[in-house]
Amino acid sequence: MSIASAVRGSGAGRVLRDEIRATVALSIPIALTQIAQMSLNTTDVVMTGRLGPAALAAGQLGHSLFFPMYITVIGVLFATAAMFAQEIGAGRYKGVRRTARQGFWVILSLTGPAWLYFWHAEWILVHVLGQDPALAARAGEYADGAMWGFPFMAGFSLLRNFIAAHSRPRAALYILAVGIVINAAADWVLMFGEFGLPRLELYGLGLATSIVQTAMFLGLLALVLRDRRWRRYHILVRFWRPDWPRYREVWAVGLPIGLTKLAESGLFAASGFLVGLIGAEALAGHAVAIQYTAISFMVPFGIAQAATVRVGLAVGRGNFEAARRAGRVAMVVGVLVVLPMALLFVTAGETLARLFLDGGDASGAASIAYAASFLAMAGLFQIADGGQAVTAGALRGFKDTRVPMVIAVVGYWAFGIGGAAVLAFPLGFGGVGVWGGLALGLAVVWAALVLRFRTVTAARSVPQPMAS
């Protein structure tokens with residue numbers, strides 16, 4: 001090898017190492033922030049459990065109604081992460097302000113329909129979903145309290161995308177850490193009527209959620225407006241002025257992401273219904289396995305968000321080769337980091353299940369056995385899920401969202417749920433078959449998204465942001 005070749009090789013290796021370090025450094029706080037976000041709901045579950053099983057069931061029913069709206073709106077706002085990154089990469093700082101401002105406009109556009117949806121929660125649960133009227137009434141109380149925090153929850157997500165695009169996501173983590181403490185205190189005071197306040201129970205739970213979401217949004221907004229690097233954008237200047245081209249772009253890029261997230265959440269909800277047909281013990285085991293995979297997924301979720309930012313910054317600079325390298329690095333890192341957890345699921349499923357379930361009676365022992373078998377399948381599931389999530393995140397950096405949406409819907413439902421139903425019942429694999437179907441659907445989506453990434457990045461002569 002010549003000296004010139006060695007130098008080039010050393011330079012290429014250094015660039016690759018720098019990209020890996022940048023991706024990992026950005027991913028870790030995003031993943032921790034998402035885990036902290038999950039902890040808010042965990043706190044709510046613990047507090048609600050003190051009201052009794054009926055209240056806990058009603059609270060979870062209300063949360064289940066809240067979640068599809070939440071995940072869809074957050075998906076739409078994911079578009080702003082790529083848009084922020086591309087504008088920053090190109091040095092178009094006015095474009096950053098335009099994106100932030102129109103992100104808020106999108107939130108305001110969604111708030112009215114969301115409030116209408118939450119306001120009729122009890123009616124929807126009883127007349128559309130056929131739930132028990134008594135539980136639906138109490139779930140409606142939760143929705144009545146939680147609905148007011150919706151625009152602030154969405155605004156916090158928008159600002160998280162803003163700071164992540166600047167590779168400074170830790171501020172959201174710190175604010176969420178404080179939010180967990182405030183949430184626990186607000187739950188206790190409002191639900192149980194401490195300090196002379198009325199005992200509001202599930203309405204108090206929802207109201208505490210609104211208070212915490214509002215406080216976190218205002219805290220992060222104050223930081224963005226005061227920070228020396230961020231305040232130069234003046235993101236609220238002339239907020240009232242419409243910017244219809246940028247408003248439409250947020251919807252054009254974000255709506256396919258929102259629908260993809262809705263289809264993905266529907267995939268897991270449908271898998272629960274299928275397992276429920278097998279029996280209560282199987283459903284208990286399924287709930288445990290889903291909880292573990294949800295926690296583990298936060299790591300590739302963080303890498304997916306980092307991939308969007310790293311790819312978007314490179315596309316904004318017009319450096320298509322760097323964008324391709326950032327996407328490839330994130331995809332490899334995403335798979336590598338889930339391997340240890342996948343191995344743990346396969347080898348220690350029963351031990352993990354016993355942390356949630358008591359095997360002292362026949363029903364508990366059966367639930368543990370189901371959970372262990374599901375976690376064994378979750379090893380394959382986890383690799384495919386992490387792979388497809390990170391690849392989709394890399395494609396979002398190119399603003400490529402419509403084709404991935406079609407891939408996801410077909411893969412999740414035709415192969416995922418379709419495969420789960422066939423494997424579980426006609427072929428007789430039961431709950432393991434359901435998890436096998438999930439793994440199949442996610443693997444199909446992953447493979448198709450990798451091919452899509454190759455297609456997008458093959459257009460080397462056109463290093464421009466892609467809109468399809």
# chains A, B, ... in the order shown; residues from 1 in each chain; ligands from 1

call {"tool": "residues_around", "arguments": {"residues": "Ala143 of chain A", "least_positions_apart": "5", "cutoff": "7 Å", "atoms": "only C-alpha atoms", "output": "PDB file with N, CA and C atoms, in the first residue's frame"}}
result
ATOM      1  N   GLY A  62     -58.596   4.865  29.802  1.00  0.00           N
ATOM      2  CA  GLY A  62     -58.463   6.243  29.347  1.00  0.00           C
ATOM      3  C   GLY A  62     -57.135   6.496  28.657  1.00  0.00           C
ATOM      4  N   PHE A 118     -61.300  13.918  22.958  1.00  0.00           N
ATOM      5  CA  PHE A 118     -61.197  13.616  24.392  1.00  0.00           C
ATOM      6  C   PHE A 118     -62.497  13.962  25.133  1.00  0.00           C
ATOM      7  N   ALA A 121     -64.835  11.081  25.156  1.00  0.00           N
ATOM      8  CA  ALA A 121     -64.163   9.818  25.449  1.00  0.00           C
ATOM      9  C   ALA A 121     -65.132   8.761  25.960  1.00  0.00           C
ATOM     10  N   GLY A 206     -55.790  13.021  35.544  1.00  0.00           N
ATOM     11  CA  GLY A 206     -55.703  13.700  34.257  1.00  0.00           C
ATOM     12  C   GLY A 206     -55.269  15.145  34.397  1.00  0.00           C
TER      13      GLY A 206
END

call {"tool": "closest_atom_pairs", "arguments": {"of": "segment 258-307 of chain A", "to": "segment 330-345 of chain A", "cutoff": "12 Å", "atoms": "only C-alpha atoms", "output": "JSON lines"}}
result
{"residue": "A:Val288", "atom": "CA", "partner": "A:Phe345", "partner_atom": "CA", "distance": 11.8}
{"residue": "A:Ala289", "atom": "CA", "partner": "A:Phe345", "partner_atom": "CA", "distance": 9.1}
{"residue": "A:Ile290", "atom": "CA", "partner": "A:Phe345", "partner_atom": "CA", "distance": 11.6}
{"residue": "A:Tyr292", "atom": "CA", "partner": "A:Phe345", "partner_atom": "CA", "distance": 8.8}
{"residue": "A:Thr293", "atom": "CA", "partner": "A:Met341", "partner_atom": "CA", "distance": 9.0}
{"residue": "A:Ala294", "atom": "CA", "partner": "A:Met341", "partner_atom": "CA", "distance": 11.7}
{"residue": "A:Ile295", "atom": "CA", "partner": "A:Met341", "partner_atom": "CA", "distance": 10.3}
{"residue": "A:Ser296", "atom": "CA", "partner": "A:Met341", "partner_atom": "CA", "distance": 7.1}
{"residue": "A:Phe297", "atom": "CA", "partner": "A:Val338", "partner_atom": "CA", "distance": 8.2}
{"residue": "A:Met298", "atom": "CA", "partner": "A:Val338", "partner_atom": "CA", "distance": 10.1}
{"residue": "A:Val299", "atom": "CA", "partner": "A:Val337", "partner_atom": "CA", "distance": 7.6}
{"residue": "A:Pro300", "atom": "CA", "partner": "A:Gly334", "partner_atom": "CA", "distance": 5.4}
{"residue": "A:Phe301", "atom": "CA", "partner": "A:Gly334", "partner_atom": "CA", "distance": 8.8}
{"residue": "A:Gly302", "atom": "CA", "partner": "A:Gly334", "partner_atom": "CA", "distance": 9.2}
{"residue": "A:Ile303", "atom": "CA", "partner": "A:Gly334", "partner_atom": "CA", "distance": 6.3}
{"residue": "A:Ala304", "atom": "CA", "partner": "A:Ala330", "partner_atom": "CA", "distance": 7.3}
{"residue": "A:Gln305", "atom": "CA", "partner": "A:Ala330", "partner_atom": "CA", "distance": 9.7}
{"residue": "A:Ala306", "atom": "CA", "partner": "A:Ala330", "partner_atom": "CA", "distance": 7.8}
{"residue": "A:Ala307", "atom": "CA", "partner": "A:Ala330", "partner_atom": "CA", "distance": 5.8}

call {"tool": "write_last_selection", "arguments": {"atoms": "C-alpha atoms", "output": "mmCIF file, in the first residue's frame"}}
result
data_model
loop_
_atom_site.group_PDB
_atom_site.id
_atom_site.type_symbol
_atom_site.label_atom_id
_atom_site.label_comp_id
_atom_site.auth_asym_id
_atom_site.auth_seq_id
_atom_site.Cartn_x
_atom_site.Cartn_y
_atom_site.Cartn_z
ATOM 1 C CA VAL A 288 -44.847 -8.673 30.505
ATOM 2 C CA ALA A 289 -43.004 -9.384 27.253
ATOM 3 C CA ILE A 290 -44.364 -6.207 25.650
ATOM 4 C CA TYR A 292 -39.625 -5.467 28.311
ATOM 5 C CA THR A 293 -39.500 -4.931 24.553
ATOM 6 C CA ALA A 294 -40.900 -1.404 24.960
ATOM 7 C CA ILE A 295 -38.117 -0.496 27.397
ATOM 8 C CA SER A 296 -35.459 -2.088 25.231
ATOM 9 C CA PHE A 297 -36.820 -0.311 22.140
ATOM 10 C CA MET A 298 -35.927 3.070 23.618
ATOM 11 C CA VAL A 299 -32.286 2.526 22.609
ATOM 12 C CA PRO A 300 -32.923 2.048 18.857
ATOM 13 C CA PHE A 301 -35.567 4.776 19.136
ATOM 14 C CA GLY A 302 -32.837 7.174 20.264
ATOM 15 C CA ILE A 303 -30.554 6.036 17.463
ATOM 16 C CA ALA A 304 -33.382 6.513 14.935
ATOM 17 C CA GLN A 305 -33.842 10.106 16.098
ATOM 18 C CA ALA A 306 -30.094 10.669 15.933
ATOM 19 C CA ALA A 307 -30.055 9.209 12.410
#

call {"tool": "residues_around", "arguments": {"residues": "Ile211 of chain A", "least_positions_apart": "5", "cutoff": "12 Å", "atoms": "only C-alpha atoms", "output": "list in words"}}
result
Gly145, Ala146, Met147, Trp148, Gly149, Phe150, Pro151, Phe152, Met153, Gly179, Ile180, Ile182, Asn183, Ala184, Ala185, Ala186, Asp187, Leu190, Gly204, Leu205, Gly206, Met216, Phe217 and Leu218 of chain A

call {"tool": "closest_atom_pairs", "arguments": {"of": "segment 148-207 of chain A", "to": "segment 67-89 of chain A", "cutoff": "8 Å", "atoms": "only C-alpha atoms", "output": "CSV"}}
result
residue,atom,partner,partner_atom,distance
A:Ala154,CA,A:Ile74,CA,6.7
A:Ser157,CA,A:Ile74,CA,6.8
A:Leu158,CA,A:Leu77,CA,6.2
A:Asn161,CA,A:Ala81,CA,4.9
A:Phe162,CA,A:Phe84,CA,6.5
A:Ala164,CA,A:Ala81,CA,7.6
A:Ala165,CA,A:Ala85,CA,5.1
A:His166,CA,A:Ala85,CA,7.5

call {"tool": "write_last_selection", "arguments": {"atoms": "C-alpha atoms", "output": "PDB file, in the first residue's frame"}}
result
ATOM      1  CA  ALA A 154     -47.131  18.383  21.590  1.00  0.00           C
ATOM      2  CA  SER A 157     -42.149  17.329  21.552  1.00  0.00           C
ATOM      3  CA  LEU A 158     -41.633  20.042  18.931  1.00  0.00           C
ATOM      4  CA  ASN A 161     -36.888  18.090  17.990  1.00  0.00           C
ATOM      5  CA  PHE A 162     -35.517  21.636  17.841  1.00  0.00           C
ATOM      6  CA  ALA A 164     -31.964  17.595  19.150  1.00  0.00           C
ATOM      7  CA  ALA A 165     -31.338  19.066  15.690  1.00  0.00           C
ATOM      8  CA  HIS A 166     -28.686  21.215  17.374  1.00  0.00           C
TER       9      HIS A 166
END

call {"tool": "select_by_dssp", "arguments": {"residues": "segment 135-262 of chain A", "states": "helix (DSSP H, G or I)", "output": "PyMOL selection string"}}
result
chain A and resi 135-165+170-192+194-196+201-226+231-233+244-262

call {"tool": "closest_residue", "arguments": {"among": "A:Thr214, A:Gln102, A:Thr347, A:Ala172", "to": "Glu249 of chain A", "atoms": "only C-alpha atoms"}}
result
A:Gln102

call {"tool": "closest_atom_pairs", "arguments": {"of": "segment 159-272 of chain A", "to": "segment 368-391 of chain A", "cutoff": "12 Å", "atoms": "only C-alpha atoms", "output": "tab-separated table"}}
result
residue	atom	partner	partner_atom	distance
A:Ile257	CA	A:Ala389	CA	11.7
A:Thr260	CA	A:Ala389	CA	11.1
A:Lys261	CA	A:Ala389	CA	10.6
A:Glu264	CA	A:Asp385	CA	10.6

call {"tool": "residues_around", "arguments": {"residues": "Gly437 of chain A", "least_positions_apart": "6", "cutoff": "6 Å", "atoms": "only C-alpha atoms", "output": "PyMOL selection string"}}
result
chain A and resi 416+419-420

call {"tool": "write_last_selection", "arguments": {"atoms": "C-alpha atoms", "output": "PDB file, in the first residue's frame"}}
result
ATOM      1  CA  GLY A 416     -47.335  -8.940  10.766  1.00  0.00           C
ATOM      2  CA  GLY A 419     -48.800 -13.898   9.739  1.00  0.00           C
ATOM      3  CA  ALA A 420     -49.564 -13.801  13.465  1.00  0.00           C
TER       4      ALA A 420
END

call {"tool": "atom_distance", "arguments": {"atom1": "atom CA of Glu141 of chain A", "atom2": "atom CA of Val181 of chain A"}}
result
23.1 Å

call {"tool": "atom_distance", "arguments": {"atom1": "atom CA of Gly441 of chain A", "atom2": "atom CA of Trp413 of chain A"}}
result
7.4 Å

call {"tool": "closest_residue", "arguments": {"among": "A:Gly397, A:Gly272, A:Gly258, A:Gly155", "to": "Arg324 of chain A", "atoms": "only C-alpha atoms"}}
result
A:Gly397

call {"tool": "residues_around", "arguments": {"residues": "Ser271 of chain A", "least_positions_apart": "6", "cutoff": "12 Å", "atoms": "only C-alpha atoms", "output": "PyMOL selection string"}}
result
chain A and resi 264-265+277-278+282-283+286-287+289-290+412-413+416-421+424+430-439+441

call {"tool": "residues_around", "arguments": {"residues": "Asn41 of chain A", "least_positions_apart": "3", "cutoff": "10 Å", "atoms": "only C-alpha atoms", "output": "list of chain:residue names"}}
result
A:Ala36, A:Gln37, A:Met38, A:Asp44, A:Val45, A:Val46, A:Met47, A:Gln60, A:His63, A:Ile180, A:Asn183, A:Thr209

call {"tool": "closest_residue", "arguments": {"among": "A:Val329, A:Ala408, A:Val126, A:Val212", "to": "Trp446 of chain A", "atoms": "only C-alpha atoms"}}
result
A:Ala408

call {"tool": "closest_residue", "arguments": {"among": "A:Leu173, A:Ala54, A:Ala134, A:Ile35", "to": "Gln291 of chain A", "atoms": "only C-alpha atoms"}}
result
A:Ile35

call {"tool": "atom_distance", "arguments": {"atom1": "atom CA of Ile235 of chain A", "atom2": "atom CA of Arg248 of chain A"}}
result
18.2 Å

call {"tool": "residues_around", "arguments": {"residues": "segment 123-125 of chain A", "least_positions_apart": "5", "cutoff": "12 Å", "atoms": "only C-alpha atoms", "output": "list in words"}}
result
Ala58, Leu61, Gly62, His63, Ser64, Leu65, Phe66, Leu116, Tyr117, Phe118, Gly130, Gln131, Asp132, Pro133, Ala134, Leu135, Ala136, Ala137, Arg138, Ala139, Gly140, Glu141 and Ala143 of chain A

call {"tool": "write_last_selection", "arguments": {"atoms": "C-alpha atoms", "output": "short mmCIF file (atom, residue, chain, number, x, y, z; two decimals), in the first residue's frame"}}
result
data_model
loop_
_atom_site.label_atom_id
_atom_site.label_comp_id
_atom_site.auth_asym_id
_atom_site.auth_seq_id
_atom_site.Cartn_x
_atom_site.Cartn_y
_atom_site.Cartn_z
CA ALA A 58 -60.47 2.72 34.05
CA LEU A 61 -58.68 2.47 29.47
CA GLY A 62 -58.46 6.24 29.35
CA HIS A 63 -54.74 6.10 28.59
CA SER A 64 -55.39 3.57 25.80
CA LEU A 65 -57.79 6.06 24.23
CA PHE A 66 -55.28 8.89 24.69
CA LEU A 116 -63.37 17.17 20.72
CA TYR A 117 -62.15 13.56 20.71
CA PHE A 118 -61.20 13.62 24.39
CA GLY A 130 -68.24 -1.50 23.53
CA GLN A 131 -66.56 -1.01 26.91
CA ASP A 132 -68.21 -1.33 30.32
CA PRO A 133 -70.23 1.90 30.98
CA ALA A 134 -69.03 2.22 34.58
CA LEU A 135 -65.37 1.96 33.59
CA ALA A 136 -65.93 4.22 30.58
CA ALA A 137 -67.43 6.92 32.83
CA ARG A 138 -64.34 6.95 35.05
CA ALA A 139 -62.03 6.84 32.01
CA GLY A 140 -63.92 9.86 30.70
CA GLU A 141 -63.09 11.69 33.93
CA ALA A 143 -59.73 12.31 29.68
#

call {"tool": "decode", "arguments": {"residues": "segment 165-211 of chain A", "atoms": "C-alpha atoms", "output": "PDB file, in the first residue's frame"}}
result
ATOM      1  CA  ALA A 165     -31.338  19.066  15.690  1.00  0.00           C
ATOM      2  CA  HIS A 166     -28.686  21.215  17.374  1.00  0.00           C
ATOM      3  CA  SER A 167     -27.188  18.038  18.910  1.00  0.00           C
ATOM      4  CA  ARG A 168     -28.067  19.294  22.415  1.00  0.00           C
ATOM      5  CA  PRO A 169     -30.921  17.030  23.571  1.00  0.00           C
ATOM      6  CA  ARG A 170     -29.962  16.835  27.276  1.00  0.00           C
ATOM      7  CA  ALA A 171     -32.073  19.835  28.294  1.00  0.00           C
ATOM      8  CA  ALA A 172     -35.276  17.857  27.636  1.00  0.00           C
ATOM      9  CA  LEU A 173     -33.939  15.000  29.771  1.00  0.00           C
ATOM     10  CA  TYR A 174     -33.253  17.293  32.717  1.00  0.00           C
ATOM     11  CA  ILE A 175     -36.678  18.907  32.471  1.00  0.00           C
ATOM     12  CA  LEU A 176     -38.358  15.495  32.267  1.00  0.00           C
ATOM     13  CA  ALA A 177     -36.462  14.349  35.363  1.00  0.00           C
ATOM     14  CA  VAL A 178     -37.958  17.281  37.265  1.00  0.00           C
ATOM     15  CA  GLY A 179     -41.312  16.558  35.628  1.00  0.00           C
ATOM     16  CA  ILE A 180     -41.378  13.031  37.058  1.00  0.00           C
ATOM     17  CA  VAL A 181     -41.097  14.437  40.590  1.00  0.00           C
ATOM     18  CA  ILE A 182     -43.754  17.102  39.941  1.00  0.00           C
ATOM     19  CA  ASN A 183     -46.031  14.472  38.398  1.00  0.00           C
ATOM     20  CA  ALA A 184     -45.798  12.189  41.439  1.00  0.00           C
ATOM     21  CA  ALA A 185     -46.535  15.096  43.797  1.00  0.00           C
ATOM     22  CA  ALA A 186     -49.428  16.399  41.682  1.00  0.00           C
ATOM     23  CA  ASP A 187     -50.922  12.900  41.404  1.00  0.00           C
ATOM     24  CA  TRP A 188     -50.801  12.498  45.187  1.00  0.00           C
ATOM     25  CA  VAL A 189     -52.273  15.900  45.988  1.00  0.00           C
ATOM     26  CA  LEU A 190     -55.024  15.981  43.354  1.00  0.00           C
ATOM     27  CA  MET A 191     -56.046  12.324  43.309  1.00  0.00           C
ATOM     28  CA  PHE A 192     -56.259  11.890  47.078  1.00  0.00           C
ATOM     29  CA  GLY A 193     -57.238  15.406  48.150  1.00  0.00           C
ATOM     30  CA  GLU A 194     -54.203  16.332  50.207  1.00  0.00           C
ATOM     31  CA  PHE A 195     -53.632  19.779  51.788  1.00  0.00           C
ATOM     32  CA  GLY A 196     -57.349  20.471  52.018  1.00  0.00           C
ATOM     33  CA  LEU A 197     -58.027  20.078  48.282  1.00  0.00           C
ATOM     34  CA  PRO A 198     -60.981  17.989  47.061  1.00  0.00           C
ATOM     35  CA  ARG A 199     -60.386  14.308  46.313  1.00  0.00           C
ATOM     36  CA  LEU A 200     -60.539  14.217  42.475  1.00  0.00           C
ATOM     37  CA  GLU A 201     -59.350  10.634  41.845  1.00  0.00           C
ATOM     38  CA  LEU A 202     -59.116   9.969  38.072  1.00  0.00           C
ATOM     39  CA  TYR A 203     -60.024  13.521  37.108  1.00  0.00           C
ATOM     40  CA  GLY A 204     -57.173  14.592  39.383  1.00  0.00           C
ATOM     41  CA  LEU A 205     -54.873  12.140  37.615  1.00  0.00           C
ATOM     42  CA  GLY A 206     -55.703  13.700  34.257  1.00  0.00           C
ATOM     43  CA  LEU A 207     -55.413  17.216  35.642  1.00  0.00           C
ATOM     44  CA  ALA A 208     -51.997  16.413  37.118  1.00  0.00           C
ATOM     45  CA  THR A 209     -50.906  15.199  33.664  1.00  0.00           C
ATOM     46  CA  SER A 210     -52.023  18.511  32.131  1.00  0.00           C
ATOM     47  CA  ILE A 211     -50.209  20.530  34.783  1.00  0.00           C
TER      48      ILE A 211
END
